>>> print(open('upload07.pdb').read())   # PDB, C-alpha atoms
ATOM      1  CA  MET O   1     -76.777 -58.702 -14.326
ATOM      2  CA  THR O   2     -80.357 -59.127 -15.492
ATOM      3  CA  ASP O   3     -79.280 -60.999 -18.629
ATOM      4  CA  ALA O   4     -77.200 -63.378 -16.528
ATOM      5  CA  PHE O   5     -80.163 -63.872 -14.206
ATOM      6  CA  PHE O   6     -82.449 -64.861 -17.065
ATOM      7  CA  GLU O   7     -79.781 -67.178 -18.474
ATOM      8  CA  ALA O   8     -79.493 -68.936 -15.106
ATOM      9  CA  ILE O   9     -83.271 -69.307 -15.022
ATOM     10  CA  ARG O  10     -83.347 -70.873 -18.480
ATOM     11  CA  LYS O  11     -80.582 -73.311 -17.520
ATOM     12  CA  GLY O  12     -82.363 -74.312 -14.323
ATOM     13  CA  ASP O  13     -79.390 -73.165 -12.237
ATOM     14  CA  THR O  14     -81.182 -72.808  -8.917
ATOM     15  CA  ALA O  15     -77.992 -72.136  -6.958
ATOM     16  CA  THR O  16     -76.955 -69.225  -9.148
ATOM     17  CA  VAL O  17     -80.477 -67.818  -9.177
ATOM     18  CA  GLY O  18     -80.529 -67.998  -5.378
ATOM     19  CA  GLU O  19     -77.156 -66.263  -5.081
ATOM     20  CA  MET O  20     -78.204 -63.497  -7.440
ATOM     21  CA  LEU O  21     -81.449 -62.967  -5.553
ATOM     22  CA  SER O  22     -79.488 -62.673  -2.303
ATOM     23  CA  GLN O  23     -77.283 -60.016  -3.876
ATOM     24  CA  ASP O  24     -80.204 -58.183  -5.472
ATOM     25  CA  PRO O  25     -83.665 -59.103  -4.097
ATOM     26  CA  GLY O  26     -85.224 -56.792  -6.681
ATOM     27  CA  LEU O  27     -84.494 -59.400  -9.338
ATOM     28  CA  ALA O  28     -87.548 -61.280  -8.058
ATOM     29  CA  ASN O  29     -89.599 -58.694  -9.950
ATOM     30  CA  ALA O  30     -87.453 -58.771 -13.086
ATOM     31  CA  ARG O  31     -89.081 -59.201 -16.466
ATOM     32  CA  THR O  32     -87.606 -60.199 -19.799
ATOM     33  CA  PRO O  33     -87.429 -57.602 -22.586
ATOM     34  CA  GLU O  34     -90.724 -59.103 -23.780
ATOM     35  CA  GLY O  35     -92.271 -58.473 -20.355
ATOM     36  CA  ILE O  36     -92.426 -62.039 -19.039
ATOM     37  CA  HIS O  37     -92.004 -62.270 -15.263
ATOM     38  CA  ALA O  38     -88.929 -64.180 -14.080
ATOM     39  CA  ALA O  39     -90.968 -66.818 -12.229
ATOM     40  CA  VAL O  40     -93.164 -67.408 -15.268
ATOM     41  CA  LEU O  41     -90.079 -67.712 -17.457
ATOM     42  CA  ALA O  42     -88.825 -70.438 -15.134
ATOM     43  CA  LEU O  43     -92.088 -72.356 -15.443
ATOM     44  CA  TYR O  44     -92.074 -71.986 -19.222
ATOM     45  CA  HIS O  45     -88.713 -73.767 -19.159
ATOM     46  CA  GLY O  46     -89.952 -76.474 -16.789
ATOM     47  CA  GLU O  47     -87.856 -75.197 -13.889
ATOM     48  CA  ALA O  48     -90.275 -75.328 -10.960
ATOM     49  CA  ALA O  49     -87.520 -75.194  -8.327
ATOM     50  CA  VAL O  50     -86.169 -71.997  -9.860
ATOM     51  CA  ALA O  51     -89.661 -70.503  -9.908
ATOM     52  CA  ASP O  52     -90.068 -71.413  -6.229
ATOM     53  CA  ALA O  53     -86.797 -69.676  -5.380
ATOM     54  CA  ILE O  54     -88.013 -66.518  -7.083
ATOM     55  CA  LEU O  55     -91.478 -66.687  -5.533
ATOM     56  CA  ALA O  56     -89.962 -67.121  -2.067
ATOM     57  CA  ARG O  57     -88.880 -63.488  -2.388
ATOM     58  CA  LYS O  58     -92.556 -62.438  -2.560
ATOM     59  CA  PRO O  59     -92.528 -60.587  -5.888
ATOM     60  CA  THR O  60     -95.426 -58.424  -6.985
ATOM     61  CA  LEU O  61     -97.459 -60.390  -9.528
ATOM     62  CA  ASP O  62     -99.993 -59.152 -12.047
ATOM     63  CA  LEU O  63    -102.974 -61.370 -12.863
ATOM     64  CA  PRO O  64    -101.432 -63.404 -15.702
ATOM     65  CA  ALA O  65     -98.266 -64.051 -13.699
ATOM     66  CA  ALA O  66    -100.257 -64.999 -10.597
ATOM     67  CA  ALA O  67    -102.352 -67.395 -12.679
ATOM     68  CA  ALA O  68     -99.241 -68.921 -14.225
ATOM     69  CA  VAL O  69     -97.519 -69.578 -10.903
ATOM     70  CA  GLY O  70    -100.690 -70.807  -9.189
ATOM     71  CA  ASP O  71    -101.088 -68.029  -6.622
ATOM     72  CA  LEU O  72    -104.800 -68.338  -5.917
ATOM     73  CA  ALA O  73    -104.821 -65.721  -3.162
ATOM     74  CA  ARG O  74    -103.278 -63.112  -5.446
ATOM     75  CA  VAL O  75    -105.606 -64.045  -8.303
ATOM     76  CA  ARG O  76    -108.617 -63.656  -6.004
ATOM     77  CA  GLU O  77    -107.377 -60.272  -4.832
ATOM     78  CA  LEU O  78    -106.952 -58.960  -8.359
ATOM     79  CA  VAL O  79    -110.182 -60.397  -9.743
ATOM     80  CA  GLU O  80    -112.204 -59.033  -6.834
ATOM     81  CA  LYS O  81    -110.802 -55.582  -7.620
ATOM     82  CA  ASP O  82    -111.445 -55.921 -11.358
ATOM     83  CA  PRO O  83    -113.784 -58.783 -12.377
ATOM     84  CA  ALA O  84    -113.286 -58.041 -16.079
ATOM     85  CA  ALA O  85    -109.601 -58.878 -15.698
ATOM     86  CA  VAL O  86    -110.421 -62.568 -16.150
ATOM     87  CA  HIS O  87    -110.657 -61.754 -19.868
ATOM     88  CA  SER O  88    -107.280 -59.988 -20.006
ATOM     89  CA  TYR O  89    -104.075 -61.232 -21.638
ATOM     90  CA  SER O  90    -100.463 -61.708 -20.650
ATOM     91  CA  VAL O  91     -97.774 -59.873 -22.587
ATOM     92  CA  ASP O  92     -97.230 -63.018 -24.659
ATOM     93  CA  GLY O  93    -100.902 -63.271 -25.519
ATOM     94  CA  PHE O  94    -102.413 -65.821 -23.127
ATOM     95  CA  PRO O  95    -105.478 -65.283 -20.910
ATOM     96  CA  PRO O  96    -105.217 -66.124 -17.198
ATOM     97  CA  LEU O  97    -107.380 -69.230 -17.611
ATOM     98  CA  GLY O  98    -105.155 -70.505 -20.397
ATOM     99  CA  LEU O  99    -102.020 -70.056 -18.298
ATOM    100  CA  ALA O 100    -103.557 -71.748 -15.268
ATOM    101  CA  ALA O 101    -104.776 -74.642 -17.419
ATOM    102  CA  TYR O 102    -101.493 -75.150 -19.264
ATOM    103  CA  LEU O 103     -99.529 -75.159 -16.026
ATOM    104  CA  GLY O 104    -101.973 -77.464 -14.252
ATOM    105  CA  HIS O 105    -103.449 -75.265 -11.522
ATOM    106  CA  ARG O 106    -106.800 -76.986 -11.050
ATOM    107  CA  ASP O 107    -107.997 -74.745  -8.200
ATOM    108  CA  LEU O 108    -107.305 -71.639 -10.247
ATOM    109  CA  VAL O 109    -109.057 -73.054 -13.292
ATOM    110  CA  GLU O 110    -112.148 -73.742 -11.196
ATOM    111  CA  TYR O 111    -112.012 -70.293  -9.608
ATOM    112  CA  LEU O 112    -111.595 -68.424 -12.896
ATOM    113  CA  LEU O 113    -114.437 -70.379 -14.483
ATOM    114  CA  SER O 114    -116.615 -69.484 -11.485
ATOM    115  CA  LYS O 115    -115.815 -65.831 -12.225
ATOM    116  CA  SER O 116    -117.069 -66.128 -15.820
ATOM    117  CA  ALA O 117    -113.755 -66.718 -17.556
ATOM    118  CA  ASP O 118    -114.407 -67.877 -21.118
ATOM    119  CA  ALA O 119    -113.409 -71.533 -21.487
ATOM    120  CA  ASP O 120    -112.864 -70.959 -25.217
ATOM    121  CA  GLN O 121    -110.969 -67.658 -25.078
ATOM    122  CA  THR O 122    -108.142 -67.962 -27.600
ATOM    123  CA  GLY O 123    -104.602 -66.750 -27.280
ATOM    124  CA  LYS O 124    -103.668 -63.516 -29.024
ATOM    125  CA  ASN O 125    -100.594 -65.075 -30.587
ATOM    126  CA  ARG O 126     -99.682 -67.536 -33.313
ATOM    127  CA  SER O 127    -100.575 -70.584 -31.219
ATOM    128  CA  LYS O 128    -104.265 -69.589 -30.954
ATOM    129  CA  PHE O 129    -104.392 -71.904 -27.936
ATOM    130  CA  THR O 130    -107.451 -72.146 -25.734
ATOM    131  CA  ALA O 131    -107.312 -73.303 -22.124
ATOM    132  CA  LEU O 132    -108.328 -76.782 -23.293
ATOM    133  CA  THR O 133    -105.656 -77.082 -25.960
ATOM    134  CA  GLY O 134    -103.057 -75.876 -23.475
ATOM    135  CA  ALA O 135    -104.160 -78.404 -20.871
ATOM    136  CA  VAL O 136    -104.082 -81.209 -23.449
ATOM    137  CA  ALA O 137    -100.641 -80.164 -24.698
ATOM    138  CA  SER O 138     -99.245 -80.366 -21.167
ATOM    139  CA  GLY O 139    -101.142 -83.541 -20.233
ATOM    140  CA  ARG O 140    -103.276 -82.026 -17.441
ATOM    141  CA  ARG O 141    -106.026 -84.643 -17.456
ATOM    142  CA  GLU O 142    -108.031 -83.358 -14.498
ATOM    143  CA  VAL O 143    -107.956 -79.818 -15.864
ATOM    144  CA  VAL O 144    -109.102 -81.151 -19.248
ATOM    145  CA  ARG O 145    -112.053 -82.828 -17.549
ATOM    146  CA  ILE O 146    -113.017 -79.626 -15.726
ATOM    147  CA  LEU O 147    -112.831 -77.559 -18.907
ATOM    148  CA  LEU O 148    -114.871 -80.047 -20.932
ATOM    149  CA  GLU O 149    -117.542 -80.104 -18.237
ATOM    150  CA  ALA O 150    -117.543 -76.286 -18.366
ATOM    151  CA  GLY O 151    -118.339 -76.450 -22.076
ATOM    152  CA  ALA O 152    -114.910 -76.015 -23.666
ATOM    153  CA  ASP O 153    -114.958 -76.895 -27.358
ATOM    154  CA  PRO O 154    -113.263 -80.294 -27.909
ATOM    155  CA  ASN O 155    -113.350 -79.765 -31.686
ATOM    156  CA  TYR O 156    -111.418 -76.487 -31.747
ATOM    157  CA  ARG O 157    -108.722 -76.190 -34.440
ATOM    158  CA  TYR O 158    -105.608 -74.150 -33.822
ATOM    159  CA  ALA O 159    -102.162 -73.711 -35.396
ATOM    160  CA  GLY O 160    -101.422 -76.299 -38.070
ATOM    161  CA  GLY O 161    -104.974 -77.593 -38.055
ATOM    162  CA  PHE O 162    -104.417 -79.441 -34.797
ATOM    163  CA  THR O 163    -107.294 -80.312 -32.483
ATOM    164  CA  PRO O 164    -107.216 -81.537 -28.882
ATOM    165  CA  VAL O 165    -107.662 -85.140 -30.089
ATOM    166  CA  LEU O 166    -104.768 -84.838 -32.526
ATOM    167  CA  GLU O 167    -102.573 -83.375 -29.794
ATOM    168  CA  ALA O 168    -103.539 -86.152 -27.363
ATOM    169  CA  ALA O 169    -102.809 -88.742 -30.062
ATOM    170  CA  ALA O 170     -99.358 -87.258 -30.663
ATOM    171  CA  ARG O 171     -98.750 -87.549 -26.916
ATOM    172  CA  GLY O 172    -100.044 -91.132 -26.868
ATOM    173  CA  ASP O 173    -102.301 -90.239 -23.962
ATOM    174  CA  ILE O 174    -105.160 -92.749 -24.026
ATOM    175  CA  PRO O 175    -106.957 -91.375 -20.919
ATOM    176  CA  LEU O 176    -107.016 -87.946 -22.584
ATOM    177  CA  LEU O 177    -108.306 -89.486 -25.807
ATOM    178  CA  GLU O 178    -111.059 -91.183 -23.833
ATOM    179  CA  LEU O 179    -112.036 -87.894 -22.196
ATOM    180  CA  LEU O 180    -112.100 -85.973 -25.457
ATOM    181  CA  THR O 181    -113.956 -88.541 -27.533
ATOM    182  CA  ALA O 182    -116.521 -88.926 -24.755
ATOM    183  CA  HIS O 183    -117.335 -85.257 -25.329
ATOM    184  CA  GLY O 184    -118.090 -85.635 -29.001
ATOM    185  CA  ARG O 185    -114.824 -85.562 -30.889
ATOM    186  CA  ASP O 186    -113.798 -88.558 -33.009
ATOM    187  CA  GLY O 187    -110.299 -89.368 -34.227
ATOM    188  CA  THR O 188    -110.930 -89.051 -37.955
ATOM    189  CA  VAL O 189    -109.868 -85.400 -38.292
ATOM    190  CA  GLU O 190    -106.554 -84.481 -39.901
ATOM    191  CA  THR O 191    -103.976 -81.737 -39.563
ATOM    192  CA  GLU O 192    -103.459 -79.247 -42.379
ATOM    193  CA  GLN O 193    -100.771 -81.625 -43.674
ATOM    194  CA  GLY O 194    -103.229 -84.531 -43.747
ATOM    195  CA  ARG O 195    -101.862 -86.375 -40.717
ATOM    196  CA  THR O 196    -104.491 -88.347 -38.831
ATOM    197  CA  ALA O 197    -104.615 -89.095 -35.125
ATOM    198  CA  VAL O 198    -103.465 -92.657 -35.811
ATOM    199  CA  ALA O 199    -100.556 -91.400 -37.906
ATOM    200  CA  LEU O 200     -99.494 -88.918 -35.227
ATOM    201  CA  ALA O 201     -99.585 -91.606 -32.548
ATOM    202  CA  LEU O 202     -97.443 -93.932 -34.657
ATOM    203  CA  GLU O 203     -94.993 -91.175 -35.633
ATOM    204  CA  ASN O 204     -94.300 -90.647 -31.947
ATOM    205  CA  GLY O 205     -94.015 -94.337 -31.100
ATOM    206  CA  HIS O 206     -97.365 -94.669 -29.344
ATOM    207  CA  VAL O 207     -98.567 -97.992 -30.749
ATOM    208  CA  ASP O 208    -101.107 -98.581 -27.965
ATOM    209  CA  ALA O 209    -102.755 -95.215 -28.623
ATOM    210  CA  ALA O 210    -102.854 -95.911 -32.360
ATOM    211  CA  GLU O 211    -104.537 -99.259 -31.745
ATOM    212  CA  TRP O 212    -107.029 -97.630 -29.386
ATOM    213  CA  LEU O 213    -107.925 -95.092 -32.055
ATOM    214  CA  ARG O 214    -108.286 -97.776 -34.710
ATOM    215  CA  ARG O 215    -110.616 -99.786 -32.506
ATOM    216  CA  ARG O 216    -112.732 -96.724 -31.861
ATOM    217  CA  GLU O 217    -112.913 -95.845 -35.551
ATOM    218  CA  ALA O 218    -114.053 -99.373 -36.318
ATOM    219  CA  LYS O 219    -117.054 -99.140 -33.990
TER
END
>>> encode(input="upload07.pdb", output="structure tokens")
Amino acid sequence: MTDAFFEAIRKGDTATVGEMLSQDPGLANARTPEGIHAAVLALYHGEAAVADAILARKPTLDLPAAAAVGDLARVRELVEKDPAAVHSYSVDGFPPLGLAAYLGHRDLVEYLLSKSADADQTGKNRSKFTALTGAVASGRREVVRILLEAGADPNYRYAGGFTPVLEAAARGDIPLLELLTAHGRDGTVETEQGRTAVALALENGHVDAAEWLRRREAK
């Protein structure tokens, strides 16, 4: 039954998830073989309604899961008990701040930073994401601003030689490019394969972003 539950989550089948939870409320605390909580799995697949259905059953969340789903009250409770937990990792190698940033929970990002979370803590996985790179990758502009103001490194390189600017260029997100370049990062860097920000923007059909980058480089 658990395998079918996870499959329904991945497909975004809210009705089936709801039916299965009614039959077995304990599924709200189910975790994948890798240890990822069911509600977090739903968010990883972009299925917010499914996550809400699971969370409505009031599952018990550890700190990474609470950060991922945006449960500030639970995060506060756990951090007050163990302040060092802000530096912990999820089973898939992300710190609480990184999860909150990637999934756009501004209030949690601010709270974790206030509790001395490291804005540049890197993931313990192949992505090597920081909170900033995660926020850029998911287009969380306000979270990006908060992290930059907290001192997050806008020049950080992660998997493939990508930087936040290169990621923003690939997304064609001019407001993000403006934020990042205002904090000291230009668009002249390249990926490990030699692809520039302009090239990435054009590859993804973002002509306006490519022109913006060219104008900035010409200054």
>>> resolve_selection(input="upload07.pdb", expression="the PyMOL selection byres ((chain O and resi 79-95) around 12)", output="count of residues only")
56
>>> resolve_selection(input="upload07.pdb", expression="the PyMOL selection byres ((chain O and resi 42) around 12)", output="PyMOL selection string")
chain O and resi 5-14+17+28+30-32+36-41+43-55+65+68-69+103
>>> resolve_selection(input="upload07.pdb", expression="the PyMOL selection byres ((chain O and resi 209) around 7)", output="ChimeraX atom specification")
/O:169,172-174,201,206-208,210-213
>>> write_last_selection(input="upload07.pdb", atoms="C-alpha atoms", output="PDB file, keeping the file's coordinate frame")
ATOM      1  CA  ALA O 169    -102.809 -88.742 -30.062  1.00  0.00           C
ATOM      2  CA  GLY O 172    -100.044 -91.132 -26.868  1.00  0.00           C
ATOM      3  CA  ASP O 173    -102.301 -90.239 -23.962  1.00  0.00           C
ATOM      4  CA  ILE O 174    -105.160 -92.749 -24.026  1.00  0.00           C
ATOM      5  CA  ALA O 201     -99.585 -91.606 -32.548  1.00  0.00           C
ATOM      6  CA  HIS O 206     -97.365 -94.669 -29.344  1.00  0.00           C
ATOM      7  CA  VAL O 207     -98.567 -97.992 -30.749  1.00  0.00           C
ATOM      8  CA  ASP O 208    -101.107 -98.581 -27.965  1.00  0.00           C
ATOM      9  CA  ALA O 210    -102.854 -95.911 -32.360  1.00  0.00           C
ATOM     10  CA  GLU O 211    -104.537 -99.259 -31.745  1.00  0.00           C
ATOM     11  CA  TRP O 212    -107.029 -97.630 -29.386  1.00  0.00           C
ATOM     12  CA  LEU O 213    -107.925 -95.092 -32.055  1.00  0.00           C
TER      13      LEU O 213
END
>>> atom_distance(input="upload07.pdb", atom1="atom CA of Arg140 of chain O", atom2="atom CA of Asn155 of chain O")
17.6 Å
>>> atom_distance(input="upload07.pdb", atom1="atom CA of Pro164 of chain O", atom2="atom CA of Arg215 of chain O")
18.9 Å
>>> atom_distance(input="upload07.pdb", atom1="atom CA of Arg106 of chain O", atom2="atom CA of Glu178 of chain O")
19.6 Å
>>> residues_near_point(input="upload07.pdb", point="(-103.9, -88.6, -31.8)", cutoff="7 Å", atoms="only C-alpha atoms", output="PyMOL selection string")
chain O and resi 165-170+172+187+197-198+200-201
>>> axis_aligned_box(input="upload07.pdb", around="segment 71-87 of chain O", padding_each_side="8 Å", output="JSON")
{"center_x": -107.4, "center_y": -62.0, "center_z": -11.5, "size_x": 28.7, "size_y": 28.8, "size_z": 32.7}
>>> closest_residue(input="upload07.pdb", among="O:Leu180, O:Met1, O:Ala199, O:Val144", to="Met20 of chain O", atoms="all atoms listed in the file")
O:Met1
